Every structure is written in structure tokens, then in C-alpha cells.
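Trainee: Starting off with a structure, shown below.
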Amino acid sequence: MVANANIPNHTAFHPNPTRASARCKVFAESFCGLVRWHAVGSLDARRWTPFAAALLPLVIYVWTAAGHGYWLDSAEFTAAAVELDIPHPPGHPLFGLWSQPFCWLPLGPLPFRVAVGQAVAAAIALGFVCRALLHEGAYLALAASWLLAGCYGFWFQAVRAEVYALEAMLVCIAFERVAAWAHERTNTRALYGACFALGLGLANHHFIAVLAMPVLAWPAYDAFRQHGWRALALCTALGASGLVTYAYLPLRALAEPPMDLGDPRTWQDFWWVISAQVYARKIGGGALQPLGERFADLAVILYEQLGLLVLASLLGGYVLLRQRRSWPLAYLWWTAALISLCGRAWLNEVRANPDVLGYMIPGFVALVALAARGVAVFGRARWTAVLPVLALATFWLHRDASLHAFAATDAFDELRRRRLPAASVLILTTPETVFRHWEGEAVEQLRADVTMLPLPFLGYGGSDRVWLRRDPSLRAVVEAYARTGALAPDALRALARERPVFVELDSSTTLSLYPHVSPAGLLYRVDGRHPALATVDARDAESAKQLLWAHYVRTLFFAARGDRARALDAAQHGLGYAPRARELRALTEALSRGAPLDLRSFLVGQK
């Protein structure tokens with residue numbers, strides 16, 4: 001034994017072949033097992049479902065996005081994206097910063113590129129909705145996401161330049177983070193992410209973000225119990241960090257951008273812009289439409305958007321409330337649904353306004369989430385795999401949300417901007433027409449010689465200073481309008497002796513100009529000629545509204561001049577676009593009677 005102790009153990013340095021092959025076999029099996037685990041994990045439905053939830057709608061949204069600037073506020077936001085301008089209060093600084101990079105993409109006309117930016121934001125929102133619902137099952141989460149994606153109220157925001165798709169992305173990120181907290185009450189980091197997302201939401205559309213903030217109350221209380229005031233301070237700091245984006249507004253105002261609503265250079269004008277106090281009128285109980293009618297309209301909207309799934313959402317909400325462990329989820333979805341939907345109905349009218357649906361997107365998300373839980377009550381059997389396919393049918397049902405073939409605004413732009421004589425002064429009275437001019441100049445930059453005076457935005461913060469700095473010849477017109485709230489015919493005639501002056505008439509503000517102007521296409525020229533109202537193809541509802549209003553004003557114009565024949569002819573053309581237009585039908589009947597006509601009962605104020 002002693003002699004053998006001095007013999008070196010060569011096997012320690014040269015392992016025998018049998019042991020080496022055994023180790024290689026173990027290593028090979030381990031490696032193959034790792035590869036198998038990764039392959040199976042990569043095919044796990046919980047991993048690919050959020051990407052599928054976002055990718056397919058993104059393809060549809062890009063395909064159906066508007067190639068031309070749409071009506072409403074879309075033209076304004078296109079200009080804000082292209083030129084980094086300052087749109088109407090509260091300034092929406094995050095929208096311009098998000099959309100500007102998409103303008104660099106070689107993907108077609110600039111309005112389309114801005115719409116693509118909103119399509120991307122909407123798709124990201126759907127991915128986070130799917131993540132928030134994965135606990136209900138992968139296929140059910142995918143079906144719920146695609147069902148939301150195909151709703152008119154969601155789809156329509158994703159195919160045009162607007163702030164609602166971007167706001168939906170931020171709110172859905174916050175909801176997903178709160179849902180993560182609801183499943184793991186100690187997950188304070190999820191709360192921090194939600195606070196940061198809604199802080200950014202305040203820099204895009206602060207009213208929607210404020211309506212979504214109550215979902216943070218319970219998670220914040222839990223964080224306070226676990227970590228004390230330090231957690232609440234961090235939540236506040238993360239939320240406030242999103243507000244830093246508003247510093248962009250005064251910095252950009254110093255460069256005098258083409259569209260500068262409010263001119264927020266001074267602290268007073270800056271606060272006027274970001275507080276959006278100009279819109280804090282006739283809301284709540286002071287709104288024109290009774291509160292009961294608004295909530296009845298809300299019920300109609302919910303049925304139009306979600307159909308019988310509203311009943312499934314009530315079932316899902318009941319199921320969540322039955323078990324104590326699901327109360328955090330019940331709090332999230334019930335709070336989001338009730339405050340978002342009822343808050344917008346309380347604010348003002350919700351009827352016949354596509355933008356209202358953008359306000360309600362957080363509520364739609366919450367109802368879809370509750371409906372997913374309601375459907376999950378019936379089990380998670382293999383039949384749930386067919387639900388995503390069925391959900392795709394909503395895209396067909398709401399296909400009128402597509403703006404793929406929309407081009408009506410281009411014909412209006414041709415008449416209202418491109419064909420104007422050189423060095424014209426263009427005085428506009430409706431916000432949408434003003435926005436069309438700003439977008440057209442931002443995209444085409446063809447008519448820098450035309451001076452545009454936007455009457456709806458005179459008195460917006462320091463905006464008056466902007467117009468006078470750019471064209472001092474407008475001083476007499478602007479000062480008279482500031483004193484009386486109406487255009488002064490003498491000031492316009494004096495200006496028309498130097499330059500061609502065109503006015504967009506309305507039925508109230510510009511009534512005093514009727515004797516001093518003549519029709520010129522869709523506009524009216526001071527001391528101009530008398531061409532007929534131009535014909536424009538209007539195949540969509542918003543364009544038909546534009547032409548209906550033009551013919552209504554034209555009818556009033558000829559009626560005020562005593563030319564009943566031309567007034568009736570203009571009225572008949574307007575009824576061709578909207579046969580049931582109540583005001584125009586009443587005006588037509590009054591003209592047909594031949595009795596003396598009091599136009600005061602037919603004056604319709606602008607919104």
C-alpha cells in the first residue's frame with residue numbers, strides 16, 4: 001500500500017475513453033434539451049400573441065390610411081408634424097415630436113406618413129392590450145385585441161393624423177402595467193411604468209390622461225403601504241417627467257412657426273395654451289344637450305362599437321367582483337370604463353362626432369377586457385382558438401373606417417387655395433378650412449404669397465401679435481374685429497383696393513359683409529365677380545357636410561340680397577347632399593312661400 005502510494009494517478013490527467021464518452025453524452029443531451037426548451041418557448045402562444053395582436057392590424061391600418069389630409073383636426077396635426085408647429089390648446093407637444101420622424105420615411109405623401117405614425121401607435125396599443133389579457137388565455141387575448149382593433153372608434157383613429165391613437169398607446173401601456181400589479185401586488189415597478197406612461201399622456205391629450213389616472217389610486221396606496229412616501233414621490237416624479245415635453249412649446253414659439261396658436265412665449269400665454277381654458281365653456285350641466293340625452297347617445301355608441309359584447313363585459317365584471325383575489329383587476333377595468341365613458345358624456349355632446357370616439361378608447365379597452373373575462377367563464381377549451389378568426393369579422397363590419405380612397409379635401413384645396421390670384425388675402429371663418437390651409441402650405445409650400453387670416457383663432461393667447469408681425473396691412477381688419485367681433489366692410493374695401501381679398505362667409509359673424517361681396521367659387525370676393533358655386537365630388541359624410549354648409553351660406557347670401565331664385569337654386573343643391581337637413585329645409589320652405597323673410601331665425605353660430 002505504501003509503495004502504491006508513490007505511483008502517480010495518471011487517470012487524473014488522462015481520463016479513460018469510457019468516462020469521456022459518458023460526459024459528452026450528458027453534455028449533448030443537455031444541449032439538445034436546451035435547444036428543445038428554447039424552440040418550444042419561442043413558440044409559446046404567450047410569447048407570440050402580443051406581436052400577432054399588433055402586426056396584423058398594423059398591416060390593415062397602413063393599407064387603409066389616408067393619403068390626403070382628412071377633415072376635422074387632421075390637417076392641423078399634419079402641419080404640426082411636418083413643421084413642428086404649435087396646434088390648438090393644450091399644444092399637444094408630444095404628438096409633433098412622435099410624428100416628425102415618420103415624415104422622413106419615403107412612403108408616399110406627407111399626410112400618409114403622419115397617418116402611418118398613428119397606425120404604429122395604435123398597433124403598439126393593441127400589443128399591450130393583449131399582454132394585459134394573457135391571463136385569460138392566449139387565444140382569448142388575441143381575439144379581444146383584434147375585436148378592439150376592428151371597432152370603428154379605434155380603427156378610425158389609426159388611419160389619420162390625430163392625437164387619439166398615440167394617447168391610446170400610452171393609456172394601454174399604463175393599463176398593462178396596472179394589470180401586472182393586479183396579478184402581483186408587490187410589483188411596484190409596474191406602477192412606476194404606468195405613472196411614466198400617463199405622464200407622457202398628459203403631454204399629448206391631458207383630458208384623456210386625467211380620466212385614466214384614477215386606475216393608479218389602489219396601486220399607489222399599496223406602494224405607500226409597502227415603501228412609504230418614497231414610492232409616492234417616485235411615482236410623482238415619473239409622472240411629472242412627461243410634462244417636461246411642454247417646454248418645447250415656448251422654445252418653438254420663439255422661431256415663429258407657420259402655425260402658432262397662442263404664441264406661448266410669455267408665462268401668461270404659455271399657461272393659457274396648456275390649460276386649454278378656451279374649451280372650458282358650456283360643459284357638464286351647462287352643455288346645450290341635456291345630460292340624459294348624452295347618456296342615451298352613449299348607450300347607442302357602445303352598441304354600435306361592441307354590440308352584444310357589452311353584455312359579456314357586464315358578466316365579466318360580475319365574475320371579477322365575486323372573488324376577492326380578482327378585485328384589483330375589477331378595480332382597474334371598472335374604473336377605466338366608467339370614468340372614461342361617463343366622463344366624456346358628462347363633458348359635452350357625443351352625437352355625430354368621430355373625435356368623441358377617440359376620447360372613449362380607454363373605456364372601449366376596459367369593456368373588451370371585461371368581455372374577455374366574461375367569455376372565459378365558459379372555459380378555455382380548444383374552441384377558443386377560433387375566436388381570433390371570428391374577431392377579424394369586425395374589420396369587415398366596420399370597413400367604412402377605411403380612408404384608403406379618400407381624396408375629397410384635395411378638390412376643396414384646389415378652389416380655396418391653389419387657384420387664388422397672386423398676393424391674395426384670405427379671411428377664413430371655420431377652423432377646418434383654416435387647418436386645410438396650414439396643412440396645404442406645410443406639405444406643398446406653393447402659395448407663400450397668400451396671406452391667411454384665421455378669424456376663429458384671433459384672440460387665442462398672443463396669436464394676434466403673430467398675424468400683425470407677419471402682415472402689418474391687416475392691422476385695421478384685426479383691430480376692428482377685436483373691438484366688435486365682426487369684420488369691418490370699410491377696412492376690407494380699403495384692403496381690396498391694394499390686393500385681392502377673399503372671405504369665407506358664415507351665417508352670423510360675416511353677415512354684415514353680404515352686401516359688399518360676391519361669390520367666387522367656394523369663397524366670396526370683396527368687390528369681385530359672380531361665378532356659380534363650384535361642384536365638388538363628395539362621397540364621404542364629412543365632405544358632404546362641408547358642401548351642405550357652403551350651400552346653406554350661399555342660400556342666405558342670395559336671400560339677404562332679395563334674389564330668391566338663386567337662393568332656392570342654392571338650397572336645392574344643398575338638399576341634394578343632405579335631403580333631411582332640417583335648417584336648410586325650413587329655409588327653403590320660407591323662401592318658397594314668398595312672404596317677407598326674417599333671416600335672423602336662420603343664423604347658425606359656428607362651433
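We name chains A, B, ... following the order of the C-alpha cells; residues begin at 1 in each chain, and ligands are numbered from 1 as shown.
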Please run DSSP on the backbone and report, as a list in words, all residues within segment 366-519 of chain A that come out as strand (DSSP E).

Mentor: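 Those residues are Val425, Leu426, Ile427, Leu428, Thr451, Met452, Leu453, Pro454, Val501, Phe502, Val503, Val517, Ser518 and Pro519 of chain A.
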
Trainee: How would the residues just chosen look if you wrote them out with N, CA, C and O atoms as an mmCIF file, in the first residue's frame?

Mentor:
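File produced: again09.cif:
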```cif
data_model
loop_
_atom_site.group_PDB
_atom_site.id
_atom_site.type_symbol
_atom_site.label_atom_id
_atom_site.label_comp_id
_atom_site.auth_asym_id
_atom_site.auth_seq_id
_atom_site.Cartn_x
_atom_site.Cartn_y
_atom_site.Cartn_z
ATOM 1 N N VAL A 425 -55.375 88.060 -50.079
ATOM 2 C CA VAL A 425 -55.649 87.974 -48.643
ATOM 3 C C VAL A 425 -56.840 87.048 -48.478
ATOM 4 O O VAL A 425 -57.894 87.258 -49.092
ATOM 5 N N LEU A 426 -56.682 86.029 -47.669
ATOM 6 C CA LEU A 426 -57.715 85.011 -47.481
ATOM 7 C C LEU A 426 -58.178 85.060 -46.028
ATOM 8 O O LEU A 426 -57.400 84.794 -45.106
ATOM 9 N N ILE A 427 -59.437 85.420 -45.821
ATOM 10 C CA ILE A 427 -60.005 85.526 -44.475
ATOM 11 C C ILE A 427 -60.959 84.359 -44.279
ATOM 12 O O ILE A 427 -61.985 84.254 -44.963
ATOM 13 N N LEU A 428 -60.607 83.465 -43.341
ATOM 14 C CA LEU A 428 -61.360 82.232 -43.134
ATOM 15 C C LEU A 428 -62.104 82.266 -41.803
ATOM 16 O O LEU A 428 -61.615 82.831 -40.824
ATOM 17 N N THR A 451 -51.770 85.579 -47.961
ATOM 18 C CA THR A 451 -51.838 85.876 -46.525
ATOM 19 C C THR A 451 -53.176 85.364 -46.000
ATOM 20 O O THR A 451 -54.239 85.782 -46.486
ATOM 21 N N MET A 452 -53.129 84.469 -45.027
ATOM 22 C CA MET A 452 -54.341 83.890 -44.468
ATOM 23 C C MET A 452 -54.580 84.457 -43.075
ATOM 24 O O MET A 452 -53.686 84.447 -42.229
ATOM 25 N N LEU A 453 -55.810 84.949 -42.838
ATOM 26 C CA LEU A 453 -56.195 85.475 -41.531
ATOM 27 C C LEU A 453 -57.259 84.552 -40.946
ATOM 28 O O LEU A 453 -58.382 84.501 -41.447
ATOM 29 N N PRO A 454 -56.929 83.801 -39.879
ATOM 30 C CA PRO A 454 -57.882 82.837 -39.311
ATOM 31 C C PRO A 454 -58.764 83.486 -38.236
ATOM 32 O O PRO A 454 -58.365 83.612 -37.081
ATOM 33 N N VAL A 501 -59.007 90.335 -52.078
ATOM 34 C CA VAL A 501 -59.445 89.905 -50.748
ATOM 35 C C VAL A 501 -60.593 88.912 -50.914
ATOM 36 O O VAL A 501 -61.614 89.239 -51.544
ATOM 37 N N PHE A 502 -60.409 87.724 -50.317
ATOM 38 C CA PHE A 502 -61.430 86.678 -50.348
ATOM 39 C C PHE A 502 -61.847 86.350 -48.921
ATOM 40 O O PHE A 502 -61.005 86.290 -48.015
ATOM 41 N N VAL A 503 -63.146 86.109 -48.748
ATOM 42 C CA VAL A 503 -63.688 85.824 -47.422
ATOM 43 C C VAL A 503 -64.493 84.531 -47.494
ATOM 44 O O VAL A 503 -65.229 84.295 -48.466
ATOM 45 N N VAL A 517 -69.835 91.755 -50.920
ATOM 46 C CA VAL A 517 -69.023 90.695 -51.521
ATOM 47 C C VAL A 517 -69.833 89.991 -52.594
ATOM 48 O O VAL A 517 -71.064 90.096 -52.657
ATOM 49 N N SER A 518 -69.125 89.246 -53.426
ATOM 50 C CA SER A 518 -69.756 88.474 -54.498
ATOM 51 C C SER A 518 -69.172 87.064 -54.492
ATOM 52 O O SER A 518 -67.999 86.871 -54.142
ATOM 53 N N PRO A 519 -69.965 86.061 -54.861
ATOM 54 C CA PRO A 519 -69.476 84.674 -54.841
ATOM 55 C C PRO A 519 -68.285 84.484 -55.768
ATOM 56 O O PRO A 519 -68.233 85.022 -56.870
#
```

Trainee: Mind checking which residues fall within 12 Å of Ser507 of chain A, counting only C-alpha atoms, ignoring those fewer than 5 positions away in the same chain, and posting them as a PyMOL selection string?

Mentor: chain A and resi 429-430+486+512-514+549-557+559-560+583+599-607

Trainee: Just the selected residues (C-alpha atoms), exported as a PDB file, in the first residue's frame, please.

Mentor:
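Dumped to result_35.pdb:
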```
ATOM      1  CA  THR A 429     -64.140  81.702 -40.611  1.00  0.00           C
ATOM      2  CA  THR A 430     -64.261  77.932 -39.935  1.00  0.00           C
ATOM      3  CA  ALA A 486     -67.192  91.245 -36.759  1.00  0.00           C
ATOM      4  CA  SER A 512     -72.599  92.452 -42.364  1.00  0.00           C
ATOM      5  CA  LEU A 513     -70.428  91.658 -45.411  1.00  0.00           C
ATOM      6  CA  TYR A 514     -73.245  90.203 -47.525  1.00  0.00           C
ATOM      7  CA  TRP A 549     -72.700  74.301 -45.154  1.00  0.00           C
ATOM      8  CA  ALA A 550     -71.386  76.104 -48.259  1.00  0.00           C
ATOM      9  CA  HIS A 551     -74.795  75.888 -49.944  1.00  0.00           C
ATOM     10  CA  TYR A 552     -76.596  76.958 -46.772  1.00  0.00           C
ATOM     11  CA  VAL A 553     -74.487  80.109 -46.544  1.00  0.00           C
ATOM     12  CA  ARG A 554     -74.937  80.689 -50.288  1.00  0.00           C
ATOM     13  CA  THR A 555     -78.724  80.439 -49.830  1.00  0.00           C
ATOM     14  CA  LEU A 556     -78.626  83.006 -47.029  1.00  0.00           C
ATOM     15  CA  PHE A 557     -76.425  85.250 -49.152  1.00  0.00           C
ATOM     16  CA  ALA A 559     -81.856  85.630 -49.729  1.00  0.00           C
ATOM     17  CA  ALA A 560     -80.305  88.643 -47.989  1.00  0.00           C
ATOM     18  CA  GLU A 583     -82.386  74.064 -41.160  1.00  0.00           C
ATOM     19  CA  LEU A 599     -83.138  85.789 -41.730  1.00  0.00           C
ATOM     20  CA  ARG A 600     -82.357  86.135 -38.032  1.00  0.00           C
ATOM     21  CA  SER A 601     -84.143  82.861 -37.262  1.00  0.00           C
ATOM     22  CA  PHE A 602     -81.865  81.022 -39.703  1.00  0.00           C
ATOM     23  CA  LEU A 603     -78.492  82.227 -38.447  1.00  0.00           C
ATOM     24  CA  VAL A 604     -76.387  79.348 -37.162  1.00  0.00           C
ATOM     25  CA  GLY A 605     -73.377  80.176 -34.985  1.00  0.00           C
ATOM     26  CA  GLN A 606     -70.049  78.481 -35.621  1.00  0.00           C
ATOM     27  CA  LYS A 607     -68.665  75.900 -33.222  1.00  0.00           C
TER      28      LYS A 607
END
```

Trainee: If we count only C-alpha atoms, what is near Ser74 of chain A at a cut-off of 9 Å, once residues fewer than 2 positions away on the same chain are taken out, given as a PyMOL selection string?

Mentor: chain A and resi 69-72+76-79+111+160-162+432+435-436+439

Trainee: With a distance cut-off of 9 Å and only C-alpha atoms, select the neighbouring residues of segment 302-319 of chain A, excluding the residue or stretch itself and same-chain residues fewer than 6 positions from it, and output the selection as a list in words.

Mentor: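 Final neighbour list, sorted by chain and number: Leu147, Leu148, Cys151, Tyr152, Gly153, Ser326, Ala330, Trp333, Trp334, Phe364, Ala366, Leu367, Val368, Ala369, Leu370, Ala371, Ala372, Arg373, Gly374, Val375, Ala376, Val377 and His398 of chain A.
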
Trainee: Restricting the calculation to only C-alpha atoms: of A:Leu97, A:Trp63, A:Pro87, A:Thr49, which residue gets closest to Cys130 of chain A?

Mentor: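 For Cys130 of chain A, the nearest of the given residues is A:Thr49.
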
Trainee: DSSP on the backbone, then: every residue of segment 293-470 of chain A marked alpha helix (DSSP H), written as an MDAnalysis selection string.

Mentor: chainID A and resid 293:306 309:322 327:347 354:359 361:376 387:391 393:397 408:413 431:443 463:470

Trainee: Would you list the contacts of Pro90 of chain A as a list in words, taking every protein, DNA or RNA residue within 8 Å and counting only C-alpha atoms, but skipping same-chain residues closer than 3 positions in sequence?

Mentor: Pro87, His205, His206, Val273, Ile274, Ser275 and Ala276 of chain A

Trainee: Those residues you just picked out, can you put them in a file as an mmCIF file, in the first residue's frame with all heavy atoms?

Mentor:
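Generated output (again.cif):
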```cif
data_model
loop_
_atom_site.group_PDB
_atom_site.id
_atom_site.type_symbol
_atom_site.label_atom_id
_atom_site.label_comp_id
_atom_site.auth_asym_id
_atom_site.auth_seq_id
_atom_site.Cartn_x
_atom_site.Cartn_y
_atom_site.Cartn_z
ATOM 1 N N PRO A 87 -50.156 73.443 -32.431
ATOM 2 C CA PRO A 87 -51.594 73.362 -32.707
ATOM 3 C C PRO A 87 -52.418 73.962 -31.575
ATOM 4 O O PRO A 87 -51.875 74.578 -30.647
ATOM 5 C CB PRO A 87 -51.834 71.851 -32.844
ATOM 6 C CG PRO A 87 -50.768 71.232 -32.000
ATOM 7 C CD PRO A 87 -49.574 72.153 -32.061
ATOM 8 N N HIS A 205 -52.626 64.475 -24.740
ATOM 9 C CA HIS A 205 -54.040 64.837 -24.595
ATOM 10 C C HIS A 205 -54.362 64.707 -23.113
ATOM 11 O O HIS A 205 -54.724 63.642 -22.631
ATOM 12 C CB HIS A 205 -54.929 63.916 -25.424
ATOM 13 C CG HIS A 205 -56.319 64.444 -25.619
ATOM 14 N ND1 HIS A 205 -57.188 64.637 -24.573
ATOM 15 C CD2 HIS A 205 -56.981 64.846 -26.742
ATOM 16 C CE1 HIS A 205 -58.331 65.109 -25.033
ATOM 17 N NE2 HIS A 205 -58.227 65.251 -26.345
ATOM 18 N N HIS A 206 -54.230 65.828 -22.396
ATOM 19 C CA HIS A 206 -54.262 65.715 -20.940
ATOM 20 C C HIS A 206 -55.631 65.336 -20.390
ATOM 21 O O HIS A 206 -55.724 64.731 -19.329
ATOM 22 C CB HIS A 206 -53.733 66.978 -20.266
ATOM 23 C CG HIS A 206 -54.391 68.252 -20.677
ATOM 24 N ND1 HIS A 206 -55.715 68.385 -20.965
ATOM 25 C CD2 HIS A 206 -53.842 69.491 -20.850
ATOM 26 C CE1 HIS A 206 -55.994 69.642 -21.263
ATOM 27 N NE2 HIS A 206 -54.875 70.328 -21.220
ATOM 28 N N VAL A 273 -52.268 78.387 -23.055
ATOM 29 C CA VAL A 273 -52.257 77.304 -24.034
ATOM 30 C C VAL A 273 -52.388 75.951 -23.346
ATOM 31 O O VAL A 273 -53.269 75.146 -23.682
ATOM 32 C CB VAL A 273 -50.969 77.351 -24.885
ATOM 33 C CG1 VAL A 273 -50.839 76.078 -25.731
ATOM 34 C CG2 VAL A 273 -50.983 78.572 -25.791
ATOM 35 N N ILE A 274 -51.530 75.663 -22.370
ATOM 36 C CA ILE A 274 -51.500 74.310 -21.815
ATOM 37 C C ILE A 274 -52.710 74.018 -20.933
ATOM 38 O O ILE A 274 -53.076 72.853 -20.735
ATOM 39 C CB ILE A 274 -50.201 74.056 -21.019
ATOM 40 C CG1 ILE A 274 -50.145 74.939 -19.768
ATOM 41 C CG2 ILE A 274 -48.989 74.272 -21.903
ATOM 42 C CD1 ILE A 274 -48.976 74.596 -18.868
ATOM 43 N N SER A 275 -53.360 75.053 -20.408
ATOM 44 C CA SER A 275 -54.544 74.818 -19.579
ATOM 45 C C SER A 275 -55.797 74.581 -20.407
ATOM 46 O O SER A 275 -56.801 74.084 -19.885
ATOM 47 C CB SER A 275 -54.773 76.005 -18.644
ATOM 48 O OG SER A 275 -55.030 77.190 -19.383
ATOM 49 N N ALA A 276 -55.757 74.928 -21.695
ATOM 50 C CA ALA A 276 -56.899 74.735 -22.604
ATOM 51 C C ALA A 276 -58.178 75.340 -22.033
ATOM 52 O O ALA A 276 -59.269 74.806 -22.206
ATOM 53 C CB ALA A 276 -57.098 73.257 -22.904
#
```

Trainee: Using only C-alpha atoms, which protein or nucleic acid residues come within 7 Å of Val215 of chain A? Drop anything in the same chain fewer than 6 positions from it, and give the result as a list in words.

Mentor: Leu332, Thr335 and Ala336 of chain A

Trainee: In terms of the shortest atom-to-atom distance over only C-alpha atoms, which of A:Arg483, A:Arg582, A:Arg497, A:Arg322 is closest to Leu458 of chain A?

Mentor: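 Using only C-alpha atoms, Leu458 of chain A sits closest to A:Arg483.
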
Trainee: Which one is closest to Arg525 of chain A: A:Gly462, A:Gly199, A:Pro421, A:Gly485? Count only C-alpha atoms.

Mentor: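 Nearest to Arg525 of chain A: A:Pro421.
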
Trainee: Closest to Leu249 of chain A among A:Glu176, A:Glu414, A:Asp263, A:Asp598, using only C-alpha atoms?

Mentor: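 For Leu249 of chain A, the nearest of the candidates is A:Asp263.
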
Trainee: One decimal, Å: what's the distance from atom CA of Arg585 of chain A over to atom CA of Ala544 of chain A, could you say?

Mentor: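 Atom CA of Ala544 of chain A lies 16.0 Å from atom CA of Arg585 of chain A.
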